[in-house]
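K.L.:
The file below is data.cif, mmCIF, C-alpha atoms:
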data_structure
loop_
_atom_site.label_atom_id
_atom_site.label_comp_id
_atom_site.auth_asym_id
_atom_site.auth_seq_id
_atom_site.Cartn_x
_atom_site.Cartn_y
_atom_site.Cartn_z
CA MET F 1258 -13.93 -9.78 -104.19
CA VAL F 1259 -15.88 -6.52 -104.15
CA THR F 1260 -13.76 -3.58 -103.08
CA THR F 1261 -14.57 -0.17 -101.64
CA GLN F 1262 -12.90 2.48 -103.74
CA ALA F 1263 -11.66 5.47 -101.77
CA GLN F 1264 -10.44 7.42 -104.82
CA PRO F 1265 -11.97 7.75 -108.28
CA LEU F 1266 -10.63 5.28 -110.80
CA ALA F 1267 -8.13 7.12 -113.00
CA LEU F 1268 -7.97 6.64 -116.74
CA LEU F 1269 -6.36 8.30 -119.75
CA GLY F 1270 -8.58 8.83 -122.77
CA ALA F 1271 -9.54 10.96 -125.75
CA ALA F 1272 -12.92 12.15 -126.94
CA GLY F 1273 -12.13 10.85 -130.42
CA SER F 1274 -11.43 7.35 -129.12
CA PRO F 1275 -14.53 5.12 -129.45
CA TYR F 1276 -13.19 2.81 -126.74
CA THR F 1277 -12.75 5.73 -124.34
CA ARG F 1278 -16.35 6.75 -124.97
CA LYS F 1279 -17.48 3.14 -124.53
CA MET F 1280 -15.89 2.96 -121.11
CA LEU F 1281 -16.97 6.39 -119.89
CA ALA F 1282 -20.61 5.58 -120.62
CA LEU F 1283 -20.22 2.23 -118.87
CA LEU F 1284 -18.63 3.83 -115.80
CA ARG F 1285 -21.48 6.33 -115.58
CA TYR F 1286 -24.10 3.62 -115.85
CA ARG F 1287 -22.39 1.45 -113.24
CA ARG F 1288 -21.90 4.49 -110.98
CA ILE F 1289 -18.20 3.81 -110.60
CA PRO F 1290 -16.40 7.05 -109.61
CA TYR F 1291 -13.74 7.98 -112.14
CA ALA F 1292 -11.29 10.73 -113.03
CA ILE F 1293 -10.40 11.00 -116.70
CA HIS F 1294 -7.18 12.56 -117.92
CA TRP F 1295 -7.68 13.81 -121.48
CA GLY F 1296 -4.62 13.26 -123.61
CA SER F 1297 -2.64 11.08 -125.97
CA HIS F 1298 -1.71 7.43 -125.51
CA ARG F 1299 1.86 8.44 -126.27
CA THR F 1300 2.27 10.40 -123.03
CA PRO F 1301 0.74 9.10 -119.77
CA PRO F 1302 -0.26 11.68 -117.16
CA ALA F 1303 2.39 12.54 -114.55
CA GLY F 1304 2.61 10.05 -111.73
CA PHE F 1305 1.21 7.11 -113.69
CA PRO F 1306 3.07 4.20 -115.33
CA GLU F 1307 3.06 3.26 -118.99
CA PRO F 1308 1.08 0.17 -120.07
CA LYS F 1309 2.75 -2.68 -121.95
CA VAL F 1310 0.86 -1.60 -125.07
CA LYS F 1311 -0.06 2.06 -125.40
CA LEU F 1312 -3.77 2.25 -126.21
CA LEU F 1313 -6.76 4.37 -125.24
CA PRO F 1314 -8.30 4.24 -122.81
CA THR F 1315 -5.61 3.32 -120.29
CA PHE F 1316 -6.93 2.50 -116.82
CA TYR F 1317 -4.79 2.95 -113.73
CA PHE F 1318 -5.82 0.43 -111.11
CA PRO F 1319 -4.38 1.15 -107.66
CA LYS F 1320 -2.09 -1.40 -106.06
CA ASP F 1321 0.11 -1.46 -102.95
CA ASP F 1322 3.13 0.19 -104.58
CA GLY F 1323 1.38 2.56 -107.00
CA TYR F 1324 -0.70 1.83 -110.06
CA GLU F 1325 -1.15 -0.87 -112.65
CA ALA F 1326 -1.67 0.50 -116.18
CA VAL F 1327 -4.19 -1.64 -118.09
CA THR F 1328 -5.65 -1.40 -121.61
CA ASP F 1329 -8.24 -3.36 -123.64
CA SER F 1330 -11.82 -2.47 -122.80
CA THR F 1331 -13.36 -5.95 -122.91
CA PRO F 1332 -11.29 -7.55 -120.12
CA ILE F 1333 -11.45 -4.30 -118.15
CA ILE F 1334 -15.25 -4.53 -118.16
CA ARG F 1335 -14.99 -8.07 -116.75
CA ARG F 1336 -12.52 -6.90 -114.11
CA LEU F 1337 -14.86 -4.10 -113.05
CA GLU F 1338 -17.66 -6.66 -112.68
CA GLY F 1339 -15.57 -8.38 -110.02
CA ASP F 1340 -14.50 -5.17 -108.31
CA HIS F 1341 -17.88 -3.42 -108.14
CA ALA F 1342 -21.21 -5.00 -107.22
CA GLY F 1343 -24.55 -4.25 -108.83
CA ARG F 1344 -25.76 -2.83 -112.14
CA SER F 1345 -24.07 -5.61 -114.11
CA VAL F 1346 -23.67 -5.27 -117.87
CA LEU F 1347 -23.23 -9.03 -118.35
CA PRO F 1348 -26.38 -11.20 -118.53
CA GLY F 1349 -26.61 -14.15 -116.18
CA ASP F 1350 -28.03 -16.52 -118.79
CA PRO F 1351 -25.07 -18.19 -120.59
CA VAL F 1352 -26.72 -18.05 -124.02
CA THR F 1353 -27.64 -14.37 -123.74
CA ARG F 1354 -24.21 -13.60 -122.35
CA PHE F 1355 -22.47 -15.32 -125.26
CA LEU F 1356 -24.51 -13.32 -127.74
CA GLY F 1357 -23.53 -10.17 -125.88
CA ASP F 1358 -19.87 -11.19 -126.11
CA LEU F 1359 -20.21 -11.76 -129.86
CA ILE F 1360 -21.94 -8.45 -130.51
CA GLU F 1361 -19.44 -6.55 -128.34
CA ASP F 1362 -16.61 -8.15 -130.31
CA TYR F 1363 -18.26 -7.21 -133.62
CA ALA F 1364 -18.58 -3.60 -132.51
CA ASP F 1365 -15.02 -3.39 -131.21
CA GLU F 1366 -13.36 -5.14 -134.15
CA TRP F 1367 -15.59 -4.61 -137.22
CA LEU F 1368 -17.52 -1.39 -136.67
CA THR F 1369 -14.19 0.26 -135.87
CA LYS F 1370 -13.19 -0.47 -139.47
CA ALA F 1371 -16.13 1.65 -140.56
CA MET F 1372 -15.13 4.36 -138.10
CA PHE F 1373 -11.58 4.52 -139.43
CA HIS F 1374 -12.75 4.27 -143.04
CA PHE F 1375 -15.33 7.06 -142.87
CA ARG F 1376 -12.96 9.32 -140.92
CA TRP F 1377 -10.18 9.15 -143.51
CA ALA F 1378 -11.70 8.07 -146.86
CA HIS F 1379 -13.80 11.13 -147.74
CA PRO F 1380 -12.55 14.74 -148.17
CA ALA F 1381 -15.20 16.31 -145.91
CA ASP F 1382 -14.43 13.86 -143.13
CA ILE F 1383 -10.67 14.36 -143.44
CA GLU F 1384 -11.13 18.12 -143.26
CA ASN F 1385 -13.17 17.65 -140.09
CA ALA F 1386 -11.12 14.98 -138.35
CA GLY F 1387 -7.61 16.44 -138.55
CA PRO F 1388 -8.31 19.59 -136.50
CA MET F 1389 -10.61 17.70 -134.13
CA LEU F 1390 -7.84 15.27 -133.21
CA VAL F 1391 -5.51 18.17 -132.47
CA PHE F 1392 -7.97 20.12 -130.34
CA TRP F 1393 -9.25 17.03 -128.55
CA ASN F 1394 -5.72 16.65 -127.27
CA SER F 1395 -5.39 20.32 -126.29
CA PRO F 1396 -7.77 23.24 -126.96
CA VAL F 1397 -5.03 25.86 -126.39
CA ILE F 1398 -2.77 24.89 -129.30
CA PRO F 1399 -2.27 27.98 -131.53
CA ASP F 1400 -4.00 27.82 -134.89
CA GLU F 1401 -0.79 27.83 -136.93
CA ILE F 1402 0.68 24.90 -135.00
CA ALA F 1403 -2.67 23.12 -135.03
CA GLY F 1404 -2.84 23.45 -138.81
CA ARG F 1405 0.53 21.80 -139.31
CA ALA F 1406 -0.24 19.08 -136.78
CA SER F 1407 -3.60 18.43 -138.43
CA ALA F 1408 -1.98 17.96 -141.83
CA GLU F 1409 0.62 15.57 -140.39
CA ILE F 1410 -1.95 13.51 -138.50
CA SER F 1411 -4.25 13.30 -141.51
CA LYS F 1412 -1.50 12.10 -143.83
CA ARG F 1413 -0.34 9.49 -141.33
CA GLN F 1414 -3.85 8.13 -140.81
CA ILE F 1415 -4.79 8.14 -144.49
CA ASP F 1416 -1.60 6.21 -145.23
CA ARG F 1417 -2.73 3.62 -142.67
CA LEU F 1418 -6.20 2.95 -144.13
CA TYR F 1419 -4.90 -0.31 -145.61
CA VAL F 1420 -4.37 -1.66 -142.09
CA VAL F 1421 -8.13 -1.99 -141.50
CA GLY F 1422 -8.80 -3.12 -145.06
CA SER F 1423 -10.15 0.19 -146.34
CA ASN F 1424 -9.50 0.92 -150.01
CA ALA F 1425 -11.41 1.69 -153.20
CA THR F 1426 -12.34 -1.97 -153.67
CA THR F 1427 -13.64 -2.53 -150.12
CA ALA F 1428 -15.30 0.86 -149.62
CA ALA F 1429 -18.72 -0.36 -150.76
CA THR F 1430 -18.50 -3.41 -148.48
CA ILE F 1431 -17.71 -1.26 -145.45
CA GLU F 1432 -20.24 1.46 -146.14
CA GLN F 1433 -23.14 -0.83 -147.04
CA SER F 1434 -22.41 -2.94 -143.99
CA TYR F 1435 -22.65 0.17 -141.82
CA GLU F 1436 -26.01 1.10 -143.31
CA ARG F 1437 -27.38 -2.39 -142.65
CA ALA F 1438 -26.03 -2.31 -139.09
CA ILE F 1439 -27.92 0.91 -138.38
CA ASP F 1440 -31.11 -0.61 -139.78
CA ALA F 1441 -30.66 -3.74 -137.66
CA LEU F 1442 -29.96 -1.72 -134.52
CA ASP F 1443 -33.03 0.41 -135.18
CA THR F 1444 -35.17 -2.73 -135.31
CA VAL F 1445 -33.84 -4.05 -132.01
CA ILE F 1446 -33.99 -0.89 -129.91
CA ALA F 1447 -37.45 -0.04 -131.26
CA GLN F 1448 -38.71 -3.18 -129.55
CA GLN F 1449 -36.82 -3.28 -126.27
CA GLY F 1450 -34.58 -0.23 -125.90
CA TYR F 1451 -31.23 -2.03 -125.82
CA VAL F 1452 -29.55 -4.88 -127.66
CA LEU F 1453 -30.19 -7.60 -125.05
CA GLY F 1454 -33.26 -6.31 -123.28
CA THR F 1455 -34.63 -3.26 -121.50
CA ARG F 1456 -31.31 -2.70 -119.72
CA PRO F 1457 -27.89 -2.00 -121.25
CA SER F 1458 -25.17 -4.60 -121.70
CA ALA F 1459 -21.51 -4.40 -122.58
CA ALA F 1460 -22.61 -4.86 -126.21
CA ASP F 1461 -24.64 -1.65 -126.07
CA PHE F 1462 -21.69 0.34 -124.77
CA ALA F 1463 -19.40 -1.14 -127.43
CA ILE F 1464 -21.81 -0.12 -130.20
CA TYR F 1465 -22.32 3.26 -128.57
CA GLY F 1466 -18.56 3.90 -128.46
CA GLN F 1467 -18.11 3.38 -132.20
CA LEU F 1468 -21.24 5.36 -133.03
CA THR F 1469 -20.13 8.38 -130.99
CA GLN F 1470 -17.75 8.88 -133.89
CA LEU F 1471 -19.63 7.36 -136.83
CA ALA F 1472 -23.03 8.87 -136.09
CA ILE F 1473 -21.95 12.18 -134.57
CA ILE F 1474 -18.41 13.24 -135.56
CA GLU F 1475 -17.78 11.99 -139.10
CA PRO F 1476 -19.97 14.03 -141.51
CA THR F 1477 -20.52 11.31 -144.11
CA SER F 1478 -21.50 8.48 -141.78
CA ALA F 1479 -23.41 10.87 -139.51
CA ALA F 1480 -25.61 11.82 -142.47
CA ILE F 1481 -26.11 8.15 -143.31
CA THR F 1482 -27.11 7.42 -139.72
CA GLN F 1483 -29.65 10.22 -139.59
CA LYS F 1484 -31.11 9.20 -142.94
CA HIS F 1485 -31.54 5.59 -141.85
CA SER F 1486 -32.55 6.05 -138.22
CA ARG F 1487 -33.13 9.13 -136.13
CA ARG F 1488 -34.06 6.62 -133.42
CA VAL F 1489 -30.48 5.34 -133.29
CA ARG F 1490 -29.08 8.87 -133.36
CA ALA F 1491 -31.30 9.84 -130.42
CA TRP F 1492 -30.45 6.60 -128.60
CA LEU F 1493 -26.80 7.63 -128.48
CA ASP F 1494 -27.59 10.77 -126.49
CA ARG F 1495 -29.42 8.66 -123.91
CA VAL F 1496 -26.73 5.97 -123.63
CA GLU F 1497 -24.12 8.64 -122.96
CA ASP F 1498 -25.38 8.83 -119.37
CA LEU F 1499 -27.59 6.07 -117.99
CA SER F 1500 -26.65 6.69 -114.38
CA GLY F 1501 -30.30 7.35 -113.52
CA LEU F 1502 -31.60 4.07 -114.94
CA GLU F 1503 -32.66 1.54 -112.31
CA PRO F 1504 -32.34 -1.87 -113.98
CA ASP F 1505 -34.57 -4.77 -113.03
CA THR F 1506 -32.54 -7.99 -112.94
CA ALA F 1507 -35.34 -9.78 -114.83
CA VAL F 1508 -35.36 -7.65 -117.97
CA TRP F 1509 -32.78 -9.33 -120.16
CA THR F 1510 -34.36 -10.70 -123.34
CA PRO F 1511 -35.96 -14.09 -122.57
CA ARG F 1512 -34.10 -16.96 -124.18
CA ASP F 1513 -37.07 -17.96 -126.31
CA GLN F 1514 -37.19 -14.48 -127.87
CA LEU F 1515 -33.49 -14.09 -128.69
CA LYS F 1516 -33.66 -15.52 -132.20
CA ALA F 1517 -36.54 -13.33 -133.34
CA MET F 1518 -35.08 -10.24 -131.69
CA LEU F 1519 -31.46 -10.52 -132.81
CA SER F 1520 -31.62 -12.26 -136.20
CA PRO F 1521 -31.15 -9.05 -138.26
CA LEU F 1522 -28.07 -7.99 -136.27
CA LEU F 1523 -26.63 -11.51 -136.10
CA GLY F 1524 -27.22 -11.87 -139.83
CA GLU F 1525 -25.11 -8.80 -140.48
CA ILE F 1526 -22.36 -10.13 -138.21
CA GLY F 1527 -22.43 -13.44 -140.06
CA ARG F 1528 -22.38 -11.69 -143.41
CA VAL F 1529 -19.26 -9.57 -142.91
CA TYR F 1530 -17.48 -10.13 -139.60
CA VAL F 1531 -17.46 -13.93 -139.53
CA PRO F 1532 -15.75 -14.35 -142.92
CA PHE F 1533 -13.20 -11.76 -141.85
CA LEU F 1534 -12.51 -13.57 -138.57
CA LEU F 1535 -12.10 -16.95 -140.26
CA ALA F 1536 -9.78 -15.68 -143.00
CA ASN F 1537 -7.71 -13.72 -140.50
CA ALA F 1538 -7.41 -16.76 -138.23
CA ARG F 1539 -6.27 -18.99 -141.09
CA ALA F 1540 -3.63 -16.44 -142.06
CA THR F 1541 -2.47 -16.15 -138.46
CA MET F 1542 -2.16 -19.94 -138.11
CA THR F 1543 -0.03 -20.21 -141.25
CA GLY F 1544 2.09 -17.16 -140.47
CA LEU F 1545 0.94 -15.06 -143.43
CA PRO F 1546 1.53 -11.31 -142.94
CA GLN F 1547 -1.59 -10.48 -144.95
CA PHE F 1548 -4.57 -12.28 -146.42
CA GLU F 1549 -7.16 -12.09 -149.16
CA THR F 1550 -10.73 -13.32 -148.95
CA GLU F 1551 -14.23 -12.45 -150.11
CA ILE F 1552 -16.68 -10.50 -147.95
CA ASP F 1553 -20.23 -9.77 -149.09
CA GLY F 1554 -19.39 -10.83 -152.64
CA ARG F 1555 -16.38 -8.55 -153.06
CA PRO F 1556 -12.62 -9.03 -152.70
CA TRP F 1557 -11.09 -8.11 -149.34
CA ALA F 1558 -7.39 -7.82 -148.49
CA GLN F 1559 -5.58 -6.53 -145.43
CA PRO F 1560 -2.70 -7.27 -143.04
CA THR F 1561 -3.19 -10.15 -140.61
CA PHE F 1562 -4.20 -9.21 -137.06
CA PRO F 1563 -3.11 -11.73 -134.39
CA TYR F 1564 -5.30 -10.00 -131.80
CA GLN F 1565 -8.45 -10.63 -133.81
CA ALA F 1566 -7.43 -14.28 -134.16
CA LYS F 1567 -7.39 -14.30 -130.37
CA CYS F 1568 -10.89 -12.82 -130.37
CA LEU F 1569 -12.10 -15.81 -132.39
CA GLY F 1570 -10.25 -18.12 -130.01
CA TRP F 1571 -11.96 -16.56 -126.98
CA LEU F 1572 -15.40 -16.90 -128.57
CA ARG F 1573 -14.72 -20.55 -129.36
CA GLU F 1574 -13.43 -21.18 -125.87
CA THR F 1575 -16.57 -19.67 -124.33
CA TYR F 1576 -18.73 -21.71 -126.71
CA GLY F 1577 -16.89 -24.88 -125.70
CA GLU F 1578 -17.53 -24.19 -122.01
CA LEU F 1579 -21.31 -24.08 -122.46
CA SER F 1580 -23.37 -26.99 -121.25
CA HIS F 1581 -24.91 -29.28 -123.86
CA ASP F 1582 -28.36 -27.71 -123.40
CA ASP F 1583 -27.01 -24.15 -123.55
CA ARG F 1584 -24.98 -24.92 -126.65
CA THR F 1585 -28.02 -26.44 -128.33
CA ALA F 1586 -30.07 -23.34 -127.51
CA LEU F 1587 -27.32 -21.04 -128.81
CA ASP F 1588 -26.96 -23.07 -132.00
CA ASP F 1589 -30.68 -22.58 -132.62
CA VAL F 1590 -30.34 -18.79 -132.27
CA LEU F 1591 -27.32 -18.65 -134.59
CA ALA F 1592 -28.67 -21.06 -137.23
CA GLY F 1593 -29.05 -19.37 -140.60
CA THR F 1594 -27.27 -16.15 -139.61
CA GLY F 1595 -23.82 -17.15 -140.81
CA CYS F 1596 -22.51 -16.92 -137.26
CA GLU F 1597 -22.74 -20.70 -136.89
CA ARG F 1598 -19.63 -20.87 -139.10
CA LEU F 1599 -17.57 -19.56 -136.20
CA PHE F 1600 -17.47 -23.02 -134.67
CA GLY F 1601 -17.29 -25.27 -137.70
CA GLU F 1602 -14.38 -23.90 -139.71
CA VAL F 1603 -10.69 -23.27 -139.20
#
Starting from the coordinates I provided, produce the structure as structure tokens.
P.N.:
Amino acid sequence: MVTTQAQPLALLGAAGSPYTRKMLALLRYRRIPYAIHWGSHRTPPAGFPEPKVKLLPTFYFPKDDGYEAVTDSTPIIRRLEGDHAGRSVLPGDPVTRFLGDLIEDYADEWLTKAMFHFRWAHPADIENAGPMLVFWNSPVIPDEIAGRASAEISKRQIDRLYVVGSNATTAATIEQSYERAIDALDTVIAQQGYVLGTRPSAADFAIYGQLTQLAIIEPTSAAITQKHSRRVRAWLDRVEDLSGLEPDTAVWTPRDQLKAMLSPLLGEIGRVYVPFLLANARATMTGLPQFETEIDGRPWAQPTFPYQAKCLGWLRETYGELSHDDRTALDDVLAGTGCERLFGEV
């Protein structure tokens, strides 16, 4: 049911959070009034409840007796589609929509590995990120206190690089994958402006969110981005605020053009993200706390992530709900990209 919102939708976020930036750009495009509270996920703004899991951004949806605190950008986007009419970011065609779901998931769950890696694996990026995280939280913190806080944050985050699989062995896999992703994105937007057509989708905002850090904030990956594609770098500044764009409902990529348009990007997803998803799912099923696999010809090891096993489950569930004709059409788009393995392996 579409609702009329009397007050702006409140959310807690941080400028250094790619998911916060993803959702702010989406809210602007969809012209949904919002009020952001800049801060840390550890301390909700006064008058608002804590979510079950503290993540950024946290949305505070009004209810009869106060607010409901909700996290996880992907289901929030789907909830907003039901609450607010018009300017949808989800294609109506089931095949196109599935591809959007897959690309959004890749951005949220794989590109974020690159974001975390570049932020904390290189000296210049560490020197940049520590103070930024402090001042993003509060610009009035005295320099001496900010310096100590920056050092503490940096050490904590560097010590956690293993969580996303970042180490000396996997660095080349992560960094080369990022370069190829920029090249693939350049190819797509050069032809139609956005990933799934001449209007933005949830996949665009997911990519944008990660690249607000990778292509702008982190010195090493920002230089890589500019070297590979000034088009992509410029695209980010446009996607930041698309509130003036008037989308035509007929400008999603036609089904018969999806394979040619998306093959480079889908090939990258199949090359790195699919083997990760499958290995992580197998480890989750068998109760292993960590797993080892091979990605792009190199060893990969990291702790098991039950949430990302759920991501694979959701993709498979959506695939299973497609009609026979839609599934056949999707299989044709995915054939040869490596993404077809999502539905044929455990």
K.L.:
Between CA of Ile1473 (chain F) and CA of Thr1353 (chain F), what is the spacing in Å?
P.N.:
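Computed distance, CA of Thr1353 (chain F) to CA of Ile1473 (chain F), equals 29.2 Å.
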K.L.:
Select, from F:Arg1573, F:Phe1562, F:Ala1540, F:Leu1519, the residue with the minimum atom-to-atom distance to Thr1594 (chain F), counting only C-alpha atoms.
P.N.:
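Result for the nearest residue to Thr1594 (chain F): F:Leu1519.
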K.L.:
Residue by residue, what does the PyMOL selection byres ((chain F and resi 1450-1462) around 8) grab here? Present the result as a VMD selection string.
P.N.:
chain F and resid 1279 to 1280 1282 to 1283 1334 1345 to 1348 1353 1357 to 1358 1360 to 1362 1364 1442 1445 to 1449 1463 to 1466 1496 1504 to 1505 1508 to 1510 1519
K.L.:
Quick check on the file I pasted: which residues fall under the PyMOL selection byres ((chain F and resi 1559) around 12)? Write them as a list in words.
P.N.:
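For this structure, the PyMOL selection byres ((chain F and resi 1559) around 12) captures Lys1370, Arg1417, Leu1418, Tyr1419, Val1420, Val1421, Gly1422, Ser1423, Asn1424, Thr1426, Thr1427, Phe1533, Ala1536, Asn1537, Ala1540, Leu1545, Pro1546, Gln1547, Phe1548, Glu1549, Thr1550, Glu1551, Pro1556, Trp1557, Ala1558, Pro1560, Thr1561 and Phe1562 of chain F.
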K.L.:
Show me, as a PyMOL selection string, the residues that have an atom within 10 Å of Lys1567 (chain F) when counting all atoms listed in the file, minus same-chain residues fewer than 4 positions from it.
P.N.:
chain F and resi 1534+1538+1541+1562-1563+1571-1573
K.L.:
At what distance in Å, to one decimal, does CA of Glu1436 (chain F) lie from CA of Arg1555 (chain F)?
P.N.:
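Separation between CA of Arg1555 (chain F) and CA of Glu1436 (chain F): 16.8 Å.
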K.L.:
Nearest residue to His1294 (chain F) out of F:Ala1272, F:Ala1267, F:Leu1312, F:Leu1535, using all atoms listed in the file?
P.N.:
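When distances to His1294 (chain F) are compared using all atoms listed in the file, the smallest one comes from F:Ala1267.
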K.L.:
What lies within 8 Å of Tyr1286 (chain F) using all atoms listed in the file, ignoring chain neighbours under 5 positions off, as a list of chain:residue names?
P.N.:
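Using all atoms listed in the file, the neighbours found are F:Arg1344, F:Asp1498, F:Leu1499, F:Ser1500, F:Gly1501, F:Leu1502.
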K.L.:
For the residues in that selection, give me C-alpha atoms as a PDB file, keeping the file's coordinate frame.
P.N.:
ATOM      1  CA  ARG F1344     -25.760  -2.830-112.140  1.00  0.00           C
ATOM      2  CA  ASP F1498     -25.380   8.830-119.370  1.00  0.00           C
ATOM      3  CA  LEU F1499     -27.590   6.070-117.990  1.00  0.00           C
ATOM      4  CA  SER F1500     -26.650   6.690-114.380  1.00  0.00           C
ATOM      5  CA  GLY F1501     -30.300   7.350-113.520  1.00  0.00           C
ATOM      6  CA  LEU F1502     -31.600   4.070-114.940  1.00  0.00           C
TER       7      LEU F1502
END
K.L.:
Identify the residues around (-9.8, -8.2, -131.0) within a radius of 8 Å, measuring from all atoms listed in the file in the coordinates stated by the file, and give them as a VMD selection string.
P.N.:
chain F and resid 1362 1365 to 1366 1564 to 1568
K.L.:
Skipping near chain neighbours, those fewer than 5 positions away, what residues fall within 7 Å of region 1376-1379 of chain F using all atoms listed in the file, listed as a VMD selection string?
P.N.:
chain F and resid 1386 1414 to 1415 1475
